[in-house]
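Asks: A single structure is presented below for examination.
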Amino acid sequence: MKSVILCLLAVSFCGTSPASAIDLTQVPRTINKEPAYQGDPKYALLVFGPEATTRVWLVHDGDTLYADLNGNGDLTEPSERFAANESSNPDDGTYRFDLGEVQEGDRRHQRLSVYTTNLQHLIHSDSRVKSKLTKDPKTRFYSLHINLEMTGNHGQAADGRVECRVSPLDRTGLLLFSGTPEDAPIIHFGGPWQIALYDQTTLTIGRQKEVYLGVGTPGLGPGTTAYVEYRKLIPEGLFPKVQITFPGDNADTTEHVFRKRCCYVNFHDGVRVPTEIQAGEATVTVSFDEWLAGNVAPTTHLVKVVEPEVKITLEPVSSRLKFSLTHPVRDGKLVGIAYSPDGKQILAGDDMTGVIQVWNAETGEQLTTIETGHGWPFDGNFHHSLDWTTVVVPKSESHYEQVEVDGKVMQRWTFEGEIREWDLATGQLLRTLHHDPPRGIFGINPSKDGRFWVTGEKVSGTYEHGWPLSLSLWNVETGRVQVLCENCIPESVYSPDQNTLAISNLDESSTTSIDLIDLQSGRETLTIPISESRTVAVVTGFSPNGHLMYGRFEEYEGESSRSFKRAFMKFWEVATGREISAIPIQERENFSWPPVVSPSGEQIAVTNWYGESPKLFFINVTNGQLIRTIDLSSVVARKASTVRASSYSPDGQWIAILTHDFPKGDPRYVAAVDLLQPRIHLIHVATGEICETIISPQAIAQSLTFSPDGKTLASGGNGQVLMWDLSTPPTLKR
């Protein structure tokens with residue numbers, strides 16, 4: 001789908017830096033003249049400057065938005081009527097309006113935009129959103145963006161302007177325009193700054209919580225905080241502080257320095273709540289005294305402290321655990337676990353640091369440690385050669401600035417990246433390859449025969465929204481590179497004979513074609529047009545004889561990936577491109593990708609995603625037919641658990657499914673000690689019977705694989721690879 005770089009749910013507050021705030025309840029709410037509306041108008045008022053003297057009314061009327069940009073109170077002027085941007089989706093009620101400039105005295109603010117969104121993706125994680133959408137599914141929420149010209153403050157946007165964003169929701173509630181001017185929310189740009197809790201926060205006794213802060217100007221009404229981006233505005237090395245006084249007779253007080261930054265707007269860090277305190281309300285004081293130039297006011301909040309919903313009672317670890325391999329990152333989240341072809345060595349990488357460790361699989365001896373310098377998120381994005389001699393890792397860095405081109409505000413993106421190849425035996429860096437001119441290289445797909453690499457890339461340039469993604473083909477022996485496509489989905493798959501590559505081309509929002517590329521010549525041999533709009537079609541595999549290819553086909557209702565509608569597993573003939581079958585999944589559900597391929601290559605296994613009822617699907621890739629569906633409800637509680645990984649045994653008789661419970665929120669910042677133990681379910685492929693469940697130690701488990709002889713199953717632990725004894729297979733119950 002279209003790549004739009006809008007962190008709308010993690011955006012920050014905007015303002016100047018006087019120490020006192022104006023009383024927004026005293027701002028006049030009169031509109032001198034209004035047009036004849038086509039529907040039910042929705043009102044909001046923007047005010048600018050320390051004294052809120054510049055006032056701009058916004059009125060949303062279906063696919064039209066009226067904006068009193070000159071502040072004279074007359075909304076009937078032709079120049080103040082704006083049609084929705086072409087990326088809008090009227091059927092879904094989601095719109096984007098680009099309004100342009102606002103003049104505040106001698107200051108010229110740029111790129112004022114208004115968005116509506118349905119927040120459907122938050123319905124299960126935010127009770128406020130669920131309540132609104134349950135009561136009225138057509139409710140749409142608002143967000144805004146503007147670049148402010150500010151004296152004495154310089155940000156990332158064009159000519160040093162400060163980027164300001166108003167999210168659809170903040171700690172005060174959801175941003176909704178009102179049905180009357182008298183009740184309209186007021187958003188204050190250029191007012192005094194404060195630092196406060198970013199969203200609704202509840203602390204749980206004995207657990208760790210990632211707490212988010214934002215700097216900006218509060219408005220009047222729910223969701224009206226105008227947040228400021230920190231890039232170039234707030235110097236690196238300056239950190240806000242949080243003091244928490246917990247409830248109880250002998251109240252503990254803890255102090256925290258928030259050193260993490262994210263999404264251009266948030267300061268955040270983990271807060272662990274003591275186990276011995278009482279439930280009640282904690283007093284949380286947030287300050288930013290280190291940033292003297294910002295003159296940021298502190299804030300104090302009352303935050304609920306509750307008992308945990310699920311008491312963690314540790315269960316005995318399965319007796320199949322033989323031993324564990326310790327990673328240099330002792331609390332690491334290990335990904336990409338893989339055995340050498342002879343089964344004598346095993347490797348894994350840490351998701352956060354990019355450190356790859358190679359062990360002797362029998363003795364646990366650490367053999368090679370490779371510090372790739374990749375940094376978070378690693379996400380298993382490294383690949384060893386089939387002969388176990390090398391490992392390759394992509395790397396990407398990005399920078400951007402806002403510029404004005406022909407009166408339009410654009411982003412000038414600069415990407416740099418490279419491919420690094422290490423010797424697995426010695427850990428020595430063998431070579432580094434890069435594009436000239438540079439491109440950001442964020443993914444790599446090596447061919448099994450070791451002749452080629454295909455890389456996913458970000459292309460430098462000046463763009464209005466996002467950036468294009470490309471694929472390049474590298475000759476491993478010579479280092480020669482050929483760009484395959486300049487706007488495509490950054491995924492690819494090789495045919496069984498390693499002579500053909502399948503890729504997918506894009507326009508701004510949809511797949512336009514699936515192309516087959518001859519790897520020796522780099523030329524297209526077949527193009528399958530995709531005529532449906534708002535779709536993503538990607539080939540993920542081939543049948544063993546190379547006659548069929550299969551992949552995901554996703555349909556969307558709008559431009560955003562959050563407007564997902566339905567998915568299919570589709571099969572095409574390689575010779576003709578003819579579609580031969582489409583296996584559907586329940587609407588609003590999706591398959592989890594990529595599927596796991598059986599050792600023979602004739603079968604794949606894939607689970608569902610989003611759905612209330614977890615399932616495992618076995619599919620025959622030689623004829624494109626569904627073999628069977630297994631209900632996982634008895635072992636996976638969908639509301640709390642997800643399937644994290646799966647693996648076939650080498651003989652194809654068993655499949656191992658790793659499931660893990662995660663609380664609401666971002667799983668990247670969850671501590672392993674706050675989670676229930678992961679489970680590994682051993683399923684008999686021929687019958688679909690769930691024969692045994694292995695209980696793991698507490699960990700954030702993301703990877704597992706069988707040894708080549710099938711006698712050991714390796715899974716990710718907390719800074720460890722856990723080695724499970726499967727020399728005795730599970731017992732069939734029927």
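Convention: chains lettered A, B, ... in structure tokens order; per-chain residue numbering from 1; ligands numbered from 1 as shown.
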Could you make a table, as JSON lines, of the residues of region 54-140 of chain A that have an atom within 12 Å of an atom of region 505-526 of chain A, each with its nearest atom pair and distance in Å to one decimal, counting only C-alpha atoms, in chain and number order?
Replies:
{"residue": "A:Glu86", "atom": "CA", "partner": "A:Glu508", "partner_atom": "CA", "distance": 11.3}
{"residue": "A:Ser87", "atom": "CA", "partner": "A:Ser509", "partner_atom": "CA", "distance": 8.9}
{"residue": "A:Ser88", "atom": "CA", "partner": "A:Ser509", "partner_atom": "CA", "distance": 11.7}
Asks: With a distance cut-off of 9 Å and only C-alpha atoms, select the neighbouring residues of Leu203 (chain A), excluding the residue or stretch itself and same-chain residues fewer than 5 positions from it, and output the selection as a PyMOL selection string.
Replies: chain A and resi 208-209+271-273+282+303-307
Asks: Would you please extract all alpha helix (DSSP H) residues from region 97-343 of chain A, as assigned by DSSP on the backbone, and give them as number ranges by chain?
Replies: A: 127-135
Asks: For the residues in the current selection, export N, CA and C atoms as a compact mmCIF listing (two decimals), in the first residue's frame.
Replies:
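What ended up in again-v8.txt:
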# COMPACT_ATOMS: atom_id res chain seq x y z
N SER A 127 -10.40 1.13 25.03
CA SER A 127 -11.82 1.05 25.41
C SER A 127 -12.60 2.27 24.92
N ARG A 128 -11.93 3.44 24.81
CA ARG A 128 -12.61 4.64 24.35
C ARG A 128 -13.02 4.49 22.89
N VAL A 129 -12.12 3.97 22.08
CA VAL A 129 -12.43 3.75 20.67
C VAL A 129 -13.54 2.70 20.53
N LYS A 130 -13.41 1.62 21.28
CA LYS A 130 -14.42 0.56 21.21
C LYS A 130 -15.80 1.08 21.57
N SER A 131 -15.88 1.91 22.62
CA SER A 131 -17.17 2.45 23.05
C SER A 131 -17.79 3.31 21.95
N LYS A 132 -16.99 4.17 21.33
CA LYS A 132 -17.51 5.06 20.29
C LYS A 132 -17.97 4.28 19.06
N LEU A 133 -17.14 3.35 18.60
CA LEU A 133 -17.46 2.63 17.37
C LEU A 133 -18.57 1.61 17.59
N THR A 134 -18.69 1.09 18.80
CA THR A 134 -19.80 0.18 19.08
C THR A 134 -21.12 0.94 19.07
N LYS A 135 -21.11 2.14 19.60
CA LYS A 135 -22.31 2.97 19.64
C LYS A 135 -22.66 3.47 18.23
Asks: Distance CA of Lys42 (chain A)-CA of Asp92 (chain A), one decimal place?
Replies: 17.2 Å
Asks: At what distance in Å, to one decimal, does CA of Gln366 (chain A) lie from CA of Arg330 (chain A)?
Replies: 13.5 Å
Asks: Kindly give the distance, in Å, that separates CA of Asp91 (chain A) and CA of Ala36 (chain A), rounded to a single decimal.
Replies: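 Computed distance, CA of Asp91 (chain A) to CA of Ala36 (chain A), equals 22.9 Å.
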Asks: Please list as a list of chain:residue names every residue within 10 Å of Asp252 (chain A), counting only C-alpha atoms and excluding residues in the same chain fewer than 5 positions away.
Replies: A:Ile244, A:Thr245, A:Phe246, A:Pro247, A:Val273, A:Pro274, A:Glu276, A:Ile277, A:Ala282
Asks: Produce a file of the selected residues containing N, CA and C atoms, as a compact mmCIF listing (two decimals), in the first residue's frame.
Replies:
# COMPACT_ATOMS: atom_id res chain seq x y z
N ILE A 244 7.32 9.22 40.57
CA ILE A 244 6.08 8.50 40.85
C ILE A 244 5.98 8.21 42.34
N THR A 245 4.92 8.67 42.98
CA THR A 245 4.62 8.33 44.37
C THR A 245 3.46 7.35 44.35
N PHE A 246 3.72 6.11 44.79
CA PHE A 246 2.72 5.06 44.72
C PHE A 246 1.77 5.14 45.91
N PRO A 247 0.56 4.56 45.78
CA PRO A 247 -0.41 4.61 46.88
C PRO A 247 0.00 3.70 48.03
N VAL A 273 6.65 -1.47 38.44
CA VAL A 273 5.89 -1.16 39.64
C VAL A 273 6.27 -2.16 40.73
N PRO A 274 6.59 -1.69 41.93
CA PRO A 274 6.94 -2.63 43.02
C PRO A 274 5.80 -3.61 43.31
N GLU A 276 5.04 -4.82 46.33
CA GLU A 276 4.49 -4.73 47.68
C GLU A 276 3.53 -3.56 47.88
N ILE A 277 3.24 -2.79 46.83
CA ILE A 277 2.38 -1.62 47.01
C ILE A 277 0.91 -2.00 46.91
N ALA A 282 -1.54 6.55 41.83
CA ALA A 282 -0.18 7.07 41.99
C ALA A 282 -0.16 8.52 41.52
Asks: Counting only C-alpha atoms, give me one row per residue of region 318-347 of chain A with an atom at most 8 Å from an atom of region 378-400 of chain A, showing the shortest contact pair and its distance in Å to one decimal, sorted by chain then residue number, as JSON lines.
Replies:
{"residue": "A:Val335", "atom": "CA", "partner": "A:Gly380", "partner_atom": "CA", "distance": 5.0}
{"residue": "A:Gly336", "atom": "CA", "partner": "A:Gly380", "partner_atom": "CA", "distance": 4.6}
{"residue": "A:Ser340", "atom": "CA", "partner": "A:Trp388", "partner_atom": "CA", "distance": 6.0}
{"residue": "A:Pro341", "atom": "CA", "partner": "A:Asp387", "partner_atom": "CA", "distance": 7.3}
Asks: Residues of the last selection are to be written out with N, CA, C and O atoms, as a PDB file, in the first residue's frame.
Replies:
ATOM      1  N   VAL A 335      16.255 -14.373  17.478  1.00  0.00           N
ATOM      2  CA  VAL A 335      15.540 -14.581  16.221  1.00  0.00           C
ATOM      3  C   VAL A 335      16.466 -15.287  15.238  1.00  0.00           C
ATOM      4  O   VAL A 335      17.686 -15.367  15.440  1.00  0.00           O
ATOM      5  N   GLY A 336      15.866 -15.823  14.159  1.00  0.00           N
ATOM      6  CA  GLY A 336      16.649 -16.415  13.083  1.00  0.00           C
ATOM      7  C   GLY A 336      17.423 -17.657  13.479  1.00  0.00           C
ATOM      8  O   GLY A 336      18.500 -17.925  12.919  1.00  0.00           O
ATOM      9  N   SER A 340      23.335 -25.680  11.103  1.00  0.00           N
ATOM     10  CA  SER A 340      24.185 -25.989   9.953  1.00  0.00           C
ATOM     11  C   SER A 340      23.655 -27.258   9.292  1.00  0.00           C
ATOM     12  O   SER A 340      22.944 -28.043   9.930  1.00  0.00           O
ATOM     13  N   PRO A 341      23.966 -27.502   8.019  1.00  0.00           N
ATOM     14  CA  PRO A 341      23.430 -28.684   7.333  1.00  0.00           C
ATOM     15  C   PRO A 341      23.754 -30.000   8.025  1.00  0.00           C
ATOM     16  O   PRO A 341      22.946 -30.932   7.991  1.00  0.00           O
TER      17      PRO A 341
END
Asks: Would you please work out which residue, of A:Asp497, A:Val454, A:Arg679, A:Arg171, is nearest to Arg480 (chain A) when using only C-alpha atoms?
Replies: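 Of A:Asp497, A:Val454, A:Arg679, A:Arg171, the one nearest Arg480 (chain A) is A:Val454, counting only C-alpha atoms.
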Asks: Give me the residues near Ile195 (chain A) as a list in words, where near means some atom within 10 Å (using only C-alpha atoms) and where sequence neighbours in that chain fewer than 3 positions away do not count.
Replies: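 The neighbour list is Ser12, Phe13, Tyr198, Leu213, Gly214, Val215, Gly216, Thr217, Pro218, Tyr227, Pro240, Lys241, Phe267, Thr285, Val286, Ser287, Phe288, Val296, Ala297, Pro298, Thr299 and Thr300 of chain A.
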Asks: May I have the residues from that selection written out with C-alpha atoms, as a tab-separated table (two decimals), in the first residue's frame?
Replies:
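Printed below is part.tsv as written:
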chain	number	residue	atom	x	y	z
A	12	SER	CA	3.54	15.48	19.83
A	13	PHE	CA	2.49	19.02	21.09
A	198	TYR	CA	1.05	11.15	26.23
A	213	LEU	CA	5.49	11.45	27.27
A	214	GLY	CA	5.00	14.33	24.85
A	215	VAL	CA	5.87	18.02	24.74
A	216	GLY	CA	3.27	20.47	23.49
A	217	THR	CA	0.32	22.78	24.04
A	218	PRO	CA	-3.00	21.62	25.49
A	227	TYR	CA	2.38	18.03	19.96
A	240	PRO	CA	12.78	14.45	30.84
A	241	LYS	CA	12.29	13.10	34.35
A	267	PHE	CA	9.99	10.28	25.10
A	285	THR	CA	5.03	14.35	38.11
A	286	VAL	CA	6.68	14.94	34.72
A	287	SER	CA	9.33	17.61	34.16
A	288	PHE	CA	11.90	18.66	31.56
A	296	VAL	CA	8.62	23.61	29.41
A	297	ALA	CA	6.13	23.55	32.27
A	298	PRO	CA	5.89	20.39	34.41
A	299	THR	CA	2.61	18.53	34.89
A	300	THR	CA	1.22	16.25	37.59
Asks: Which is closest to Trp193 (chain A) among A:Ala701, A:Ile31, A:Val228, A:Leu46, if we use only C-alpha atoms?
Replies: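 Between A:Ala701, A:Ile31, A:Val228, A:Leu46, the residue approaching Trp193 (chain A) most closely is A:Val228.
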Asks: Write out as a list in words the residues lying within 10 Å of Ala605 (chain A), counting only C-alpha atoms and excluding same-chain residues fewer than 3 positions away.
Replies: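 My reading of the contact set: Ser592, Pro594, Pro595, Val596, Val597, Ser598, Leu616, Phe617, Phe618, Ile619, Asn620, Ile627, Arg628, Thr629, Ser646, Ser647, Tyr648, Ile655 and Val685 of chain A.
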